[in-house]
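Text of run_38.pdb (PDB, C-alpha atoms) as supplied:
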ATOM      1  CA  MET A   1       0.000   0.000   0.000
ATOM      2  CA  LYS A   2       2.918   2.313   0.581
ATOM      3  CA  VAL A   3       3.924   2.470  -3.070
ATOM      4  CA  LYS A   4       0.311   3.147  -4.019
ATOM      5  CA  HIS A   5       0.229   5.997  -1.516
ATOM      6  CA  VAL A   6       3.405   7.541  -2.915
ATOM      7  CA  VAL A   7       2.136   7.263  -6.467
ATOM      8  CA  ALA A   8      -1.131   8.914  -5.503
ATOM      9  CA  ALA A   9       0.715  11.768  -3.838
ATOM     10  CA  LEU A  10       2.947  12.427  -6.789
ATOM     11  CA  SER A  11       0.324  12.108  -9.466
ATOM     12  CA  ALA A  12      -1.409  15.064  -7.897
ATOM     13  CA  ILE A  13       1.529  17.154  -9.045
ATOM     14  CA  ALA A  14       2.412  15.375 -12.263
ATOM     15  CA  LEU A  15       1.203  12.266 -13.968
ATOM     16  CA  SER A  16       3.940   9.705 -14.135
ATOM     17  CA  SER A  17       5.174   8.595 -17.526
ATOM     18  CA  GLY A  18       7.623   6.451 -19.398
ATOM     19  CA  VAL A  19      10.473   8.739 -18.472
ATOM     20  CA  LEU A  20      10.189   7.624 -14.876
ATOM     21  CA  ALA A  21      10.383   3.990 -15.851
ATOM     22  CA  GLN A  22      13.418   4.604 -18.041
ATOM     23  CA  ALA A  23      15.468   7.058 -15.997
ATOM     24  CA  LYS A  24      17.830   5.798 -13.314
ATOM     25  CA  PRO A  25      17.444   7.070  -9.740
ATOM     26  CA  GLU A  26      20.790   8.887 -10.037
ATOM     27  CA  GLN A  27      19.511  10.797 -13.074
ATOM     28  CA  LEU A  28      16.189  11.642 -11.448
ATOM     29  CA  ILE A  29      17.969  12.954  -8.342
ATOM     30  CA  LYS A  30      20.373  14.948 -10.533
ATOM     31  CA  TRP A  31      17.435  16.471 -12.375
ATOM     32  CA  ARG A  32      15.594  17.516  -9.227
ATOM     33  CA  GLN A  33      18.772  18.968  -7.713
ATOM     34  CA  SER A  34      19.280  20.885 -10.949
ATOM     35  CA  VAL A  35      15.737  22.267 -10.832
ATOM     36  CA  MET A  36      16.434  23.617  -7.329
ATOM     37  CA  GLN A  37      19.601  25.303  -8.633
ATOM     38  CA  VAL A  38      17.798  26.861 -11.569
ATOM     39  CA  GLN A  39      15.131  28.167  -9.217
ATOM     40  CA  GLY A  40      17.919  29.478  -6.969
ATOM     41  CA  TRP A  41      19.459  31.265  -9.946
ATOM     42  CA  SER A  42      16.120  32.851 -10.793
ATOM     43  CA  MET A  43      15.560  33.989  -7.228
ATOM     44  CA  ALA A  44      19.090  35.426  -7.076
ATOM     45  CA  ARG A  45      18.494  37.389 -10.283
ATOM     46  CA  ILE A  46      15.248  38.863  -9.016
ATOM     47  CA  LYS A  47      16.846  39.703  -5.671
ATOM     48  CA  ALA A  48      19.682  41.518  -7.461
ATOM     49  CA  ASN A  49      17.126  43.488  -9.461
ATOM     50  CA  VAL A  50      14.892  44.535  -6.593
ATOM     51  CA  GLU A  51      17.889  45.440  -4.428
ATOM     52  CA  GLY A  52      19.897  47.083  -7.210
ATOM     53  CA  THR A  53      19.157  48.454 -10.656
ATOM     54  CA  TYR A  54      15.795  47.158 -11.825
ATOM     55  CA  ASN A  55      15.649  45.585 -15.279
ATOM     56  CA  LYS A  56      12.109  44.632 -16.194
ATOM     57  CA  ASP A  57      13.006  42.139 -18.950
ATOM     58  CA  GLN A  58      15.422  40.281 -16.761
ATOM     59  CA  VAL A  59      12.903  39.955 -13.938
ATOM     60  CA  ILE A  60      10.303  38.662 -16.395
ATOM     61  CA  GLN A  61      12.766  36.051 -17.676
ATOM     62  CA  ALA A  62      13.518  34.833 -14.164
ATOM     63  CA  ALA A  63       9.860  34.884 -13.132
ATOM     64  CA  HIS A  64       8.938  32.785 -16.178
ATOM     65  CA  ILE A  65      11.516  30.176 -15.250
ATOM     66  CA  LEU A  66      10.142  30.062 -11.694
ATOM     67  CA  GLN A  67       6.588  29.797 -13.006
ATOM     68  CA  ALA A  68       7.386  27.074 -15.545
ATOM     69  CA  THR A  69       9.289  24.966 -13.025
ATOM     70  CA  ALA A  70       6.761  25.527 -10.216
ATOM     71  CA  ASN A  71       4.067  24.198 -12.546
ATOM     72  CA  GLY A  72       6.404  21.722 -14.199
ATOM     73  CA  GLY A  73       5.524  18.475 -12.466
ATOM     74  CA  LEU A  74       8.451  18.278 -10.068
ATOM     75  CA  GLY A  75       6.651  15.502  -8.236
ATOM     76  CA  SER A  76       7.564  13.142 -11.057
ATOM     77  CA  LEU A  77      11.200  13.516  -9.993
ATOM     78  CA  PHE A  78      10.450  11.961  -6.587
ATOM     79  CA  PRO A  79       9.205   8.487  -7.453
ATOM     80  CA  ALA A  80       9.543   5.528  -5.111
ATOM     81  CA  GLY A  81      13.084   4.215  -5.360
ATOM     82  CA  THR A  82      14.696   7.658  -5.091
ATOM     83  CA  GLU A  83      14.394   8.044  -1.314
ATOM     84  CA  LYS A  84      18.149   7.543  -1.026
ATOM     85  CA  GLY A  85      20.973   7.960  -3.481
ATOM     86  CA  SER A  86      23.101  10.611  -5.136
ATOM     87  CA  GLY A  87      22.670  12.868  -8.126
ATOM     88  CA  TRP A  88      25.159  15.733  -8.060
ATOM     89  CA  HIS A  89      25.389  14.959  -4.349
ATOM     90  CA  GLU A  90      23.572  12.812  -1.800
ATOM     91  CA  THR A  91      19.854  13.530  -1.824
ATOM     92  CA  ARG A  92      18.603  15.881   0.887
ATOM     93  CA  ALA A  93      14.982  14.873   0.399
ATOM     94  CA  LYS A  94      13.439  13.894   3.735
ATOM     95  CA  PRO A  95      11.464  10.623   3.924
ATOM     96  CA  GLU A  96       8.223  12.578   4.431
ATOM     97  CA  ILE A  97       8.148  13.872   0.842
ATOM     98  CA  PHE A  98       7.603  10.286  -0.293
ATOM     99  CA  THR A  99       4.824   9.578   2.178
ATOM    100  CA  ASP A 100       2.971  12.785   3.161
ATOM    101  CA  GLY A 101       0.971  13.364   0.013
ATOM    102  CA  ASP A 102      -1.395  15.887   1.555
ATOM    103  CA  LYS A 103       1.423  18.135   2.703
ATOM    104  CA  VAL A 104       3.266  17.785  -0.626
ATOM    105  CA  ARG A 105       0.134  18.902  -2.465
ATOM    106  CA  GLU A 106      -0.425  21.795  -0.075
ATOM    107  CA  LEU A 107       3.120  23.176  -0.264
ATOM    108  CA  ALA A 108       3.572  22.559  -3.991
ATOM    109  CA  GLY A 109       0.261  24.304  -4.568
ATOM    110  CA  ALA A 110       1.340  27.297  -2.498
ATOM    111  CA  PHE A 111       4.603  27.599  -4.436
ATOM    112  CA  SER A 112       2.782  27.341  -7.731
ATOM    113  CA  LYS A 113       0.257  30.008  -6.699
ATOM    114  CA  GLU A 114       2.928  32.491  -5.611
ATOM    115  CA  ALA A 115       5.104  31.859  -8.676
ATOM    116  CA  ASN A 116       2.126  32.439 -10.991
ATOM    117  CA  GLU A 117       1.407  35.692  -9.194
ATOM    118  CA  LEU A 118       5.064  36.739  -9.460
ATOM    119  CA  ALA A 119       4.984  36.237 -13.232
ATOM    120  CA  LYS A 120       1.918  38.518 -13.414
ATOM    121  CA  VAL A 121       3.473  41.170 -11.204
ATOM    122  CA  ALA A 122       6.775  40.991 -13.130
ATOM    123  CA  ALA A 123       4.932  41.630 -16.403
ATOM    124  CA  ALA A 124       3.480  44.817 -14.928
ATOM    125  CA  GLY A 125       6.992  45.930 -14.015
ATOM    126  CA  ASP A 126       6.426  47.661 -10.675
ATOM    127  CA  ALA A 127       9.633  47.011  -8.729
ATOM    128  CA  VAL A 128       7.980  47.560  -5.337
ATOM    129  CA  ALA A 129       5.205  45.074  -6.079
ATOM    130  CA  VAL A 130       7.742  42.591  -7.447
ATOM    131  CA  LYS A 131       9.783  42.882  -4.263
ATOM    132  CA  ALA A 132       6.724  42.106  -2.146
ATOM    133  CA  GLN A 133       5.684  39.138  -4.281
ATOM    134  CA  PHE A 134       9.273  37.912  -4.463
ATOM    135  CA  GLY A 135       9.144  37.703  -0.663
ATOM    136  CA  LYS A 136       6.043  35.524  -0.839
ATOM    137  CA  VAL A 137       7.684  33.174  -3.329
ATOM    138  CA  GLY A 138      10.693  32.960  -1.017
ATOM    139  CA  GLN A 139       8.405  32.013   1.855
ATOM    140  CA  ALA A 140       6.822  29.289  -0.283
ATOM    141  CA  CYS A 141      10.295  27.945  -1.148
ATOM    142  CA  LYS A 142      11.211  27.983   2.532
ATOM    143  CA  GLY A 143       7.968  26.295   3.560
ATOM    144  CA  CYS A 144       8.746  23.308   1.364
ATOM    145  CA  HIS A 145      12.451  23.193   2.231
ATOM    146  CA  ASP A 146      11.778  23.360   5.978
ATOM    147  CA  LYS A 147       9.393  20.449   5.721
ATOM    148  CA  PHE A 148      11.008  18.231   3.119
ATOM    149  CA  GLN A 149      14.684  19.142   2.680
ATOM    150  CA  ALA A 150      17.418  18.149   5.128
ATOM    151  CA  GLU A 151      20.120  20.645   6.067
ATOM    152  CA  GLU A 152      23.080  20.924   3.729
ATOM    153  CA  LYS A 153      26.150  19.070   4.929
ATOM    154  CA  LYS A 154      29.078  21.440   5.261
TER
ATOM    155  CA  MET B   1      38.499  45.086 -26.548
ATOM    156  CA  LYS B   2      38.012  41.401 -25.909
ATOM    157  CA  VAL B   3      35.989  41.889 -22.733
ATOM    158  CA  LYS B   4      33.856  44.486 -24.499
ATOM    159  CA  HIS B   5      33.211  42.020 -27.286
ATOM    160  CA  VAL B   6      32.119  39.299 -24.862
ATOM    161  CA  VAL B   7      29.834  41.674 -23.010
ATOM    162  CA  ALA B   8      28.243  42.770 -26.262
ATOM    163  CA  ALA B   9      27.658  39.176 -27.301
ATOM    164  CA  LEU B  10      26.047  38.214 -24.041
ATOM    165  CA  SER B  11      23.929  41.298 -23.628
ATOM    166  CA  ALA B  12      22.175  40.304 -26.829
ATOM    167  CA  ILE B  13      20.771  37.360 -24.940
ATOM    168  CA  ALA B  14      20.379  38.880 -21.509
ATOM    169  CA  LEU B  15      21.324  42.137 -19.941
ATOM    170  CA  SER B  16      23.896  41.635 -17.253
ATOM    171  CA  SER B  17      22.994  42.574 -13.720
ATOM    172  CA  GLY B  18      24.111  42.715 -10.140
ATOM    173  CA  VAL B  19      23.787  38.983  -9.788
ATOM    174  CA  LEU B  20      26.735  38.526 -12.104
ATOM    175  CA  ALA B  21      28.868  40.816 -10.048
ATOM    176  CA  GLN B  22      27.931  39.013  -6.854
ATOM    177  CA  ALA B  23      27.932  35.362  -7.895
ATOM    178  CA  LYS B  24      31.171  33.397  -7.907
ATOM    179  CA  PRO B  25      32.318  31.671 -11.108
ATOM    180  CA  GLU B  26      31.734  28.279  -9.493
ATOM    181  CA  GLN B  27      28.109  29.207  -8.808
ATOM    182  CA  LEU B  28      27.546  30.603 -12.292
ATOM    183  CA  ILE B  29      28.977  27.432 -13.861
ATOM    184  CA  LYS B  30      26.817  25.291 -11.543
ATOM    185  CA  TRP B  31      23.752  27.260 -12.588
ATOM    186  CA  ARG B  32      24.408  26.894 -16.311
ATOM    187  CA  GLN B  33      25.149  23.177 -15.942
ATOM    188  CA  SER B  34      21.881  22.849 -14.031
ATOM    189  CA  VAL B  35      19.941  24.629 -16.763
ATOM    190  CA  MET B  36      21.304  22.108 -19.291
ATOM    191  CA  GLN B  37      20.131  19.262 -17.024
ATOM    192  CA  VAL B  38      16.669  20.745 -16.611
ATOM    193  CA  GLN B  39      16.414  21.134 -20.370
ATOM    194  CA  GLY B  40      17.594  17.530 -20.727
ATOM    195  CA  TRP B  41      14.882  16.420 -18.296
ATOM    196  CA  SER B  42      12.258  18.283 -20.307
ATOM    197  CA  MET B  43      13.446  16.778 -23.576
ATOM    198  CA  ALA B  44      13.464  13.284 -22.035
ATOM    199  CA  ARG B  45       9.873  13.753 -20.832
ATOM    200  CA  ILE B  46       8.650  14.851 -24.232
ATOM    201  CA  LYS B  47      10.546  12.004 -25.913
ATOM    202  CA  ALA B  48       8.902   9.489 -23.569
ATOM    203  CA  ASN B  49       5.502  10.973 -24.409
ATOM    204  CA  VAL B  50       5.864  11.011 -28.179
ATOM    205  CA  GLU B  51       7.361   7.515 -28.197
ATOM    206  CA  GLY B  52       4.984   6.059 -25.592
ATOM    207  CA  THR B  53       1.668   7.044 -24.067
ATOM    208  CA  TYR B  54       0.973  10.696 -24.855
ATOM    209  CA  ASN B  55      -0.028  12.927 -21.958
ATOM    210  CA  LYS B  56      -0.872  16.424 -23.144
ATOM    211  CA  ASP B  57      -0.469  18.155 -19.771
ATOM    212  CA  GLN B  58       2.920  16.659 -19.157
ATOM    213  CA  VAL B  59       4.181  17.706 -22.582
ATOM    214  CA  ILE B  60       2.908  21.236 -21.990
ATOM    215  CA  GLN B  61       4.740  21.362 -18.648
ATOM    216  CA  ALA B  62       8.006  20.263 -20.235
ATOM    217  CA  ALA B  63       7.581  22.581 -23.235
ATOM    218  CA  HIS B  64       7.000  25.549 -20.907
ATOM    219  CA  ILE B  65      10.225  24.791 -19.053
ATOM    220  CA  LEU B  66      12.112  24.623 -22.354
ATOM    221  CA  GLN B  67      10.512  27.870 -23.521
ATOM    222  CA  ALA B  68      11.193  29.725 -20.275
ATOM    223  CA  THR B  69      14.819  28.630 -20.127
ATOM    224  CA  ALA B  70      15.424  29.182 -23.869
ATOM    225  CA  ASN B  71      14.238  32.762 -23.404
ATOM    226  CA  GLY B  72      15.699  33.045 -19.922
ATOM    227  CA  GLY B  73      18.913  34.918 -20.526
ATOM    228  CA  LEU B  74      21.348  32.020 -20.357
ATOM    229  CA  GLY B  75      24.013  34.275 -21.777
ATOM    230  CA  SER B  76      24.280  35.974 -18.408
ATOM    231  CA  LEU B  77      25.683  32.685 -17.048
ATOM    232  CA  PHE B  78      28.690  32.929 -19.370
ATOM    233  CA  PRO B  79      30.387  36.164 -18.299
ATOM    234  CA  ALA B  80      34.100  36.762 -18.698
ATOM    235  CA  GLY B  81      35.891  34.985 -15.882
ATOM    236  CA  THR B  82      33.988  31.728 -16.284
ATOM    237  CA  GLU B  83      35.924  30.380 -19.273
ATOM    238  CA  LYS B  84      37.515  27.786 -16.987
ATOM    239  CA  GLY B  85      36.492  26.322 -13.665
ATOM    240  CA  SER B  86      34.109  23.828 -12.134
ATOM    241  CA  GLY B  87      30.489  23.924 -11.072
ATOM    242  CA  TRP B  88      29.096  20.412 -10.618
ATOM    243  CA  HIS B  89      32.013  19.388 -12.815
ATOM    244  CA  GLU B  90      34.668  21.057 -14.977
ATOM    245  CA  THR B  91      33.084  23.379 -17.498
ATOM    246  CA  ARG B  92      32.665  21.994 -21.014
ATOM    247  CA  ALA B  93      32.087  25.422 -22.535
ATOM    248  CA  LYS B  94      34.426  25.934 -25.485
ATOM    249  CA  PRO B  95      36.422  29.192 -25.697
ATOM    250  CA  GLU B  96      34.379  30.280 -28.728
ATOM    251  CA  ILE B  97      31.203  30.881 -26.702
ATOM    252  CA  PHE B  98      33.011  33.737 -24.972
ATOM    253  CA  THR B  99      34.287  35.307 -28.173
ATOM    254  CA  ASP B 100      32.004  34.488 -31.124
ATOM    255  CA  GLY B 101      29.091  36.762 -30.338
ATOM    256  CA  ASP B 102      27.503  36.524 -33.775
ATOM    257  CA  LYS B 103      27.330  32.746 -33.661
ATOM    258  CA  VAL B 104      26.047  32.766 -30.049
ATOM    259  CA  ARG B 105      23.236  35.103 -31.066
ATOM    260  CA  GLU B 106      22.396  33.008 -34.121
ATOM    261  CA  LEU B 107      22.253  29.662 -32.308
ATOM    262  CA  ALA B 108      20.550  31.011 -29.184
ATOM    263  CA  GLY B 109      17.984  32.681 -31.414
ATOM    264  CA  ALA B 110      17.337  29.424 -33.279
ATOM    265  CA  PHE B 111      16.830  27.541 -30.009
ATOM    266  CA  SER B 112      14.493  30.211 -28.710
ATOM    267  CA  LYS B 113      12.445  30.175 -31.940
ATOM    268  CA  GLU B 114      12.036  26.390 -31.956
ATOM    269  CA  ALA B 115      11.229  26.241 -28.231
ATOM    270  CA  ASN B 116       8.563  28.934 -28.630
ATOM    271  CA  GLU B 117       7.048  26.961 -31.490
ATOM    272  CA  LEU B 118       7.128  23.755 -29.428
ATOM    273  CA  ALA B 119       5.157  25.442 -26.640
ATOM    274  CA  LYS B 120       2.508  26.461 -29.188
ATOM    275  CA  VAL B 121       2.332  23.009 -30.744
ATOM    276  CA  ALA B 122       2.203  21.356 -27.292
ATOM    277  CA  ALA B 123      -0.774  23.521 -26.335
ATOM    278  CA  ALA B 124      -2.648  22.245 -29.390
ATOM    279  CA  GLY B 125      -1.932  18.695 -28.262
ATOM    280  CA  ASP B 126      -1.322  16.931 -31.590
ATOM    281  CA  ALA B 127       1.259  14.236 -30.783
ATOM    282  CA  VAL B 128       2.476  13.948 -34.384
ATOM    283  CA  ALA B 129       3.071  17.680 -34.679
ATOM    284  CA  VAL B 130       4.773  17.710 -31.274
ATOM    285  CA  LYS B 131       7.099  14.905 -32.359
ATOM    286  CA  ALA B 132       8.115  16.859 -35.479
ATOM    287  CA  GLN B 133       8.704  20.088 -33.546
ATOM    288  CA  PHE B 134      10.498  18.195 -30.773
ATOM    289  CA  GLY B 135      12.942  17.050 -33.465
ATOM    290  CA  LYS B 136      13.581  20.662 -34.474
ATOM    291  CA  VAL B 137      14.256  21.660 -30.871
ATOM    292  CA  GLY B 138      16.664  18.738 -30.584
ATOM    293  CA  GLN B 139      18.495  19.953 -33.675
ATOM    294  CA  ALA B 140      18.746  23.441 -32.164
ATOM    295  CA  CYS B 141      20.176  21.953 -28.943
ATOM    296  CA  LYS B 142      22.672  19.935 -30.982
ATOM    297  CA  GLY B 143      23.630  22.927 -33.117
ATOM    298  CA  CYS B 144      24.707  24.855 -30.045
ATOM    299  CA  HIS B 145      26.368  21.885 -28.325
ATOM    300  CA  ASP B 146      28.341  20.943 -31.442
ATOM    301  CA  LYS B 147      29.678  24.468 -31.701
ATOM    302  CA  PHE B 148      30.163  25.463 -28.079
ATOM    303  CA  GLN B 149      30.247  22.392 -25.831
ATOM    304  CA  ALA B 150      33.241  20.067 -25.527
ATOM    305  CA  GLU B 151      32.712  16.309 -25.411
ATOM    306  CA  GLU B 152      31.896  14.799 -22.042
ATOM    307  CA  LYS B 153      34.881  13.188 -20.333
ATOM    308  CA  LYS B 154      34.166   9.540 -19.611
TER
END
For the structure just supplied, provide its representation as structure tokens.
Amino acid sequence: MKVKHVVAALSAIALSSGVLAQAKPEQLIKWRQSVMQVQGWSMARIKANVEGTYNKDQVIQAAHILQATANGGLGSLFPAGTEKGSGWHETRAKPEIFTDGDKVRELAGAFSKEANELAKVAAAGDAVAVKAQFGKVGQACKGCHDKFQAEEKK
Amino acid sequence: MKVKHVVAALSAIALSSGVLAQAKPEQLIKWRQSVMQVQGWSMARIKANVEGTYNKDQVIQAAHILQATANGGLGSLFPAGTEKGSGWHETRAKPEIFTDGDKVRELAGAFSKEANELAKVAAAGDAVAVKAQFGKVGQACKGCHDKFQAEEKK
């Protein structure tokens, strides 16, 4: 029943597909770690813009990447069989992300909602509004990391 | 004049910003290597869909990630000072990407064009059309890799 539960949780975010069956756990973990980095890059770019010289086009680019990845079916990168292992480094995913489907849905939904709103606000180009919404996206990132991501090993 | 030339080439793709000044070369290289992985994930998902059971929503998700990253200002991840070094691994960027601005613009523009078209075709949901456009995106990926990315060390 456990596998069924995990599958149900993840399919709420993204329907599974052949790619999951074909890709090795190491590759799946590498992909999800890469998504986090790309989101980190996008957040860093927006931060630099709202704290420094504001460039509307650049903020839109970064916001689109956040939006596309937030709605991109990240759940499919956490199938059963990837609870442990290494991609670029040892996975920091906590066991709960594979079992607590309700919480995964809640936090992924919150991130998606805030990222969609950021893309809208970025298109309008008001730096003050972007800064405020950027903060909300950051909180959504943190909410998921606090719950499902173990501390980085130094 | 060389630095000026590089800056001109990259600004065609994305205006540089504070984030470049703040981020270390290692981080910038890690980010660009991660973008390649995320694009690889998206291509693998679409491939699995067009070769197996077709899921329209999943293809749209992957196409949006390709579109957002293709138009996402990747050039800003290749500033002067990152010609050598390691992110997740030693950079495979060839020297030409830092000097041949015209070719960078041409190939980045081709990738962007094909990725935009893929997002449109994915939204329509015709698997045959998606497969054809997916092939064009793959060719655009390959065009840039052949020119600017060194072979992977085994």
Output, as a tab-separated table (two decimals) with C-alpha atoms, in the frame of the given file, the coordinates of chain B following least-squares superposition onto chain A across all in-order C-alpha pairs.
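And here's part06.tsv as it stands now:
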chain	number	residue	atom	x	y	z
B	1	MET	CA	-0.19	0.27	0.15
B	2	LYS	CA	2.79	2.52	0.71
B	3	VAL	CA	3.81	2.61	-2.94
B	4	LYS	CA	0.22	3.32	-3.93
B	5	HIS	CA	0.14	6.20	-1.48
B	6	VAL	CA	3.34	7.71	-2.89
B	7	VAL	CA	2.09	7.38	-6.45
B	8	ALA	CA	-1.16	9.08	-5.52
B	9	ALA	CA	0.69	11.94	-3.86
B	10	LEU	CA	2.95	12.53	-6.81
B	11	SER	CA	0.34	12.18	-9.50
B	12	ALA	CA	-1.38	15.18	-7.96
B	13	ILE	CA	1.56	17.24	-9.10
B	14	ALA	CA	2.44	15.45	-12.30
B	15	LEU	CA	1.26	12.33	-13.99
B	16	SER	CA	4.00	9.76	-14.13
B	17	SER	CA	5.23	8.64	-17.51
B	18	GLY	CA	7.64	6.47	-19.40
B	19	VAL	CA	10.52	8.73	-18.52
B	20	LEU	CA	10.25	7.63	-14.92
B	21	ALA	CA	10.42	4.01	-15.87
B	22	GLN	CA	13.45	4.61	-18.06
B	23	ALA	CA	15.51	7.07	-16.02
B	24	LYS	CA	17.85	5.81	-13.33
B	25	PRO	CA	17.48	7.08	-9.75
B	26	GLU	CA	20.81	8.88	-10.04
B	27	GLN	CA	19.54	10.79	-13.08
B	28	LEU	CA	16.21	11.64	-11.46
B	29	ILE	CA	17.98	12.95	-8.35
B	30	LYS	CA	20.39	14.96	-10.55
B	31	TRP	CA	17.44	16.46	-12.39
B	32	ARG	CA	15.60	17.50	-9.23
B	33	GLN	CA	18.78	18.95	-7.71
B	34	SER	CA	19.28	20.88	-10.95
B	35	VAL	CA	15.75	22.26	-10.85
B	36	MET	CA	16.44	23.59	-7.33
B	37	GLN	CA	19.60	25.29	-8.63
B	38	VAL	CA	17.80	26.85	-11.58
B	39	GLN	CA	15.13	28.15	-9.22
B	40	GLY	CA	17.90	29.47	-6.96
B	41	TRP	CA	19.46	31.25	-9.94
B	42	SER	CA	16.12	32.83	-10.80
B	43	MET	CA	15.55	33.97	-7.23
B	44	ALA	CA	19.08	35.42	-7.06
B	45	ARG	CA	18.47	37.38	-10.27
B	46	ILE	CA	15.23	38.85	-9.02
B	47	LYS	CA	16.83	39.68	-5.66
B	48	ALA	CA	19.67	41.51	-7.42
B	49	ASN	CA	17.11	43.47	-9.44
B	50	VAL	CA	14.86	44.51	-6.57
B	51	GLU	CA	17.85	45.41	-4.40
B	52	GLY	CA	19.86	47.08	-7.17
B	53	THR	CA	19.15	48.43	-10.63
B	54	TYR	CA	15.78	47.13	-11.80
B	55	ASN	CA	15.63	45.57	-15.26
B	56	LYS	CA	12.09	44.61	-16.18
B	57	ASP	CA	13.00	42.13	-18.93
B	58	GLN	CA	15.42	40.26	-16.75
B	59	VAL	CA	12.89	39.94	-13.94
B	60	ILE	CA	10.30	38.65	-16.39
B	61	GLN	CA	12.77	36.04	-17.67
B	62	ALA	CA	13.52	34.82	-14.16
B	63	ALA	CA	9.84	34.86	-13.13
B	64	HIS	CA	8.92	32.77	-16.18
B	65	ILE	CA	11.52	30.16	-15.24
B	66	LEU	CA	10.14	30.03	-11.70
B	67	GLN	CA	6.58	29.76	-13.01
B	68	ALA	CA	7.40	27.05	-15.55
B	69	THR	CA	9.30	24.94	-13.04
B	70	ALA	CA	6.77	25.50	-10.22
B	71	ASN	CA	4.08	24.16	-12.55
B	72	GLY	CA	6.42	21.69	-14.21
B	73	GLY	CA	5.56	18.45	-12.49
B	74	LEU	CA	8.48	18.25	-10.08
B	75	GLY	CA	6.69	15.49	-8.25
B	76	SER	CA	7.58	13.13	-11.07
B	77	LEU	CA	11.23	13.50	-9.99
B	78	PHE	CA	10.46	11.96	-6.60
B	79	PRO	CA	9.20	8.47	-7.47
B	80	ALA	CA	9.55	5.52	-5.12
B	81	GLY	CA	13.09	4.22	-5.38
B	82	THR	CA	14.72	7.64	-5.10
B	83	GLU	CA	14.42	8.04	-1.33
B	84	LYS	CA	18.18	7.54	-1.04
B	85	GLY	CA	21.02	7.96	-3.49
B	86	SER	CA	23.13	10.61	-5.14
B	87	GLY	CA	22.71	12.86	-8.14
B	88	TRP	CA	25.19	15.74	-8.07
B	89	HIS	CA	25.41	14.95	-4.36
B	90	GLU	CA	23.59	12.79	-1.80
B	91	THR	CA	19.88	13.52	-1.82
B	92	ARG	CA	18.63	15.87	0.89
B	93	ALA	CA	15.00	14.87	0.39
B	94	LYS	CA	13.46	13.89	3.72
B	95	PRO	CA	11.48	10.62	3.93
B	96	GLU	CA	8.25	12.57	4.43
B	97	ILE	CA	8.16	13.86	0.84
B	98	PHE	CA	7.62	10.28	-0.29
B	99	THR	CA	4.85	9.56	2.19
B	100	ASP	CA	3.01	12.76	3.17
B	101	GLY	CA	1.00	13.34	0.02
B	102	ASP	CA	-1.38	15.86	1.55
B	103	LYS	CA	1.43	18.11	2.71
B	104	VAL	CA	3.28	17.78	-0.63
B	105	ARG	CA	0.15	18.87	-2.47
B	106	GLU	CA	-0.42	21.78	-0.08
B	107	LEU	CA	3.13	23.16	-0.26
B	108	ALA	CA	3.58	22.54	-3.98
B	109	GLY	CA	0.26	24.27	-4.58
B	110	ALA	CA	1.34	27.27	-2.50
B	111	PHE	CA	4.59	27.57	-4.45
B	112	SER	CA	2.77	27.31	-7.75
B	113	LYS	CA	0.24	29.99	-6.71
B	114	GLU	CA	2.91	32.46	-5.60
B	115	ALA	CA	5.09	31.83	-8.67
B	116	ASN	CA	2.11	32.40	-10.98
B	117	GLU	CA	1.39	35.66	-9.19
B	118	LEU	CA	5.04	36.71	-9.46
B	119	ALA	CA	4.96	36.22	-13.23
B	120	LYS	CA	1.91	38.49	-13.42
B	121	VAL	CA	3.45	41.15	-11.20
B	122	ALA	CA	6.75	40.97	-13.13
B	123	ALA	CA	4.92	41.59	-16.40
B	124	ALA	CA	3.46	44.79	-14.94
B	125	GLY	CA	6.97	45.90	-14.03
B	126	ASP	CA	6.40	47.63	-10.68
B	127	ALA	CA	9.60	46.98	-8.71
B	128	VAL	CA	7.94	47.52	-5.32
B	129	ALA	CA	5.17	45.05	-6.08
B	130	VAL	CA	7.71	42.57	-7.45
B	131	LYS	CA	9.76	42.84	-4.26
B	132	ALA	CA	6.69	42.07	-2.13
B	133	GLN	CA	5.66	39.10	-4.28
B	134	PHE	CA	9.26	37.88	-4.46
B	135	GLY	CA	9.13	37.68	-0.66
B	136	LYS	CA	6.02	35.49	-0.84
B	137	VAL	CA	7.69	33.15	-3.32
B	138	GLY	CA	10.69	32.94	-1.01
B	139	GLN	CA	8.40	31.99	1.86
B	140	ALA	CA	6.83	29.27	-0.29
B	141	CYS	CA	10.30	27.92	-1.16
B	142	LYS	CA	11.24	27.96	2.53
B	143	GLY	CA	7.98	26.29	3.56
B	144	CYS	CA	8.75	23.30	1.36
B	145	HIS	CA	12.46	23.17	2.23
B	146	ASP	CA	11.79	23.35	5.97
B	147	LYS	CA	9.40	20.43	5.72
B	148	PHE	CA	11.03	18.22	3.10
B	149	GLN	CA	14.70	19.13	2.66
B	150	ALA	CA	17.43	18.14	5.11
B	151	GLU	CA	20.13	20.64	6.05
B	152	GLU	CA	23.09	20.92	3.71
B	153	LYS	CA	26.16	19.04	4.91
B	154	LYS	CA	29.10	21.40	5.26
* For chain B, work out the contacting residues on chain A at 10 Å, counting all atoms listed in the file, and write them as a PyMOL selection string. => chain A and resi 14-23+27-28+30-49+51-55+57-74+76-77+88-89
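Using the PyMOL selection byres ((chain B and resi 150) around 12) on this structure selects Glu90, Thr91, Arg92, Ala93, Lys94, Pro95, Glu96, Ile97, Lys142, Cys144, His145, Asp146, Lys147, Phe148, Gln149, Glu151, Glu152 and Lys153 of chain B.
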* **Reference answer for the PyMOL selection byres ((chain A and resi 104) around 10), as a PyMOL selection string** => chain A and resi 9-10+12-13+75+96-103+105-110+144+147-148
Kindly compute an axis-aligned box around the listed atoms of stretch 102-118 of chain A, allowing 3 Å on each side, and express its centre and edge lengths in Å to one decimal as JSON.
{"center_x": 1.9, "center_y": 26.3, "center_z": -4.1, "size_x": 12.5, "size_y": 26.9, "size_z": 19.7}
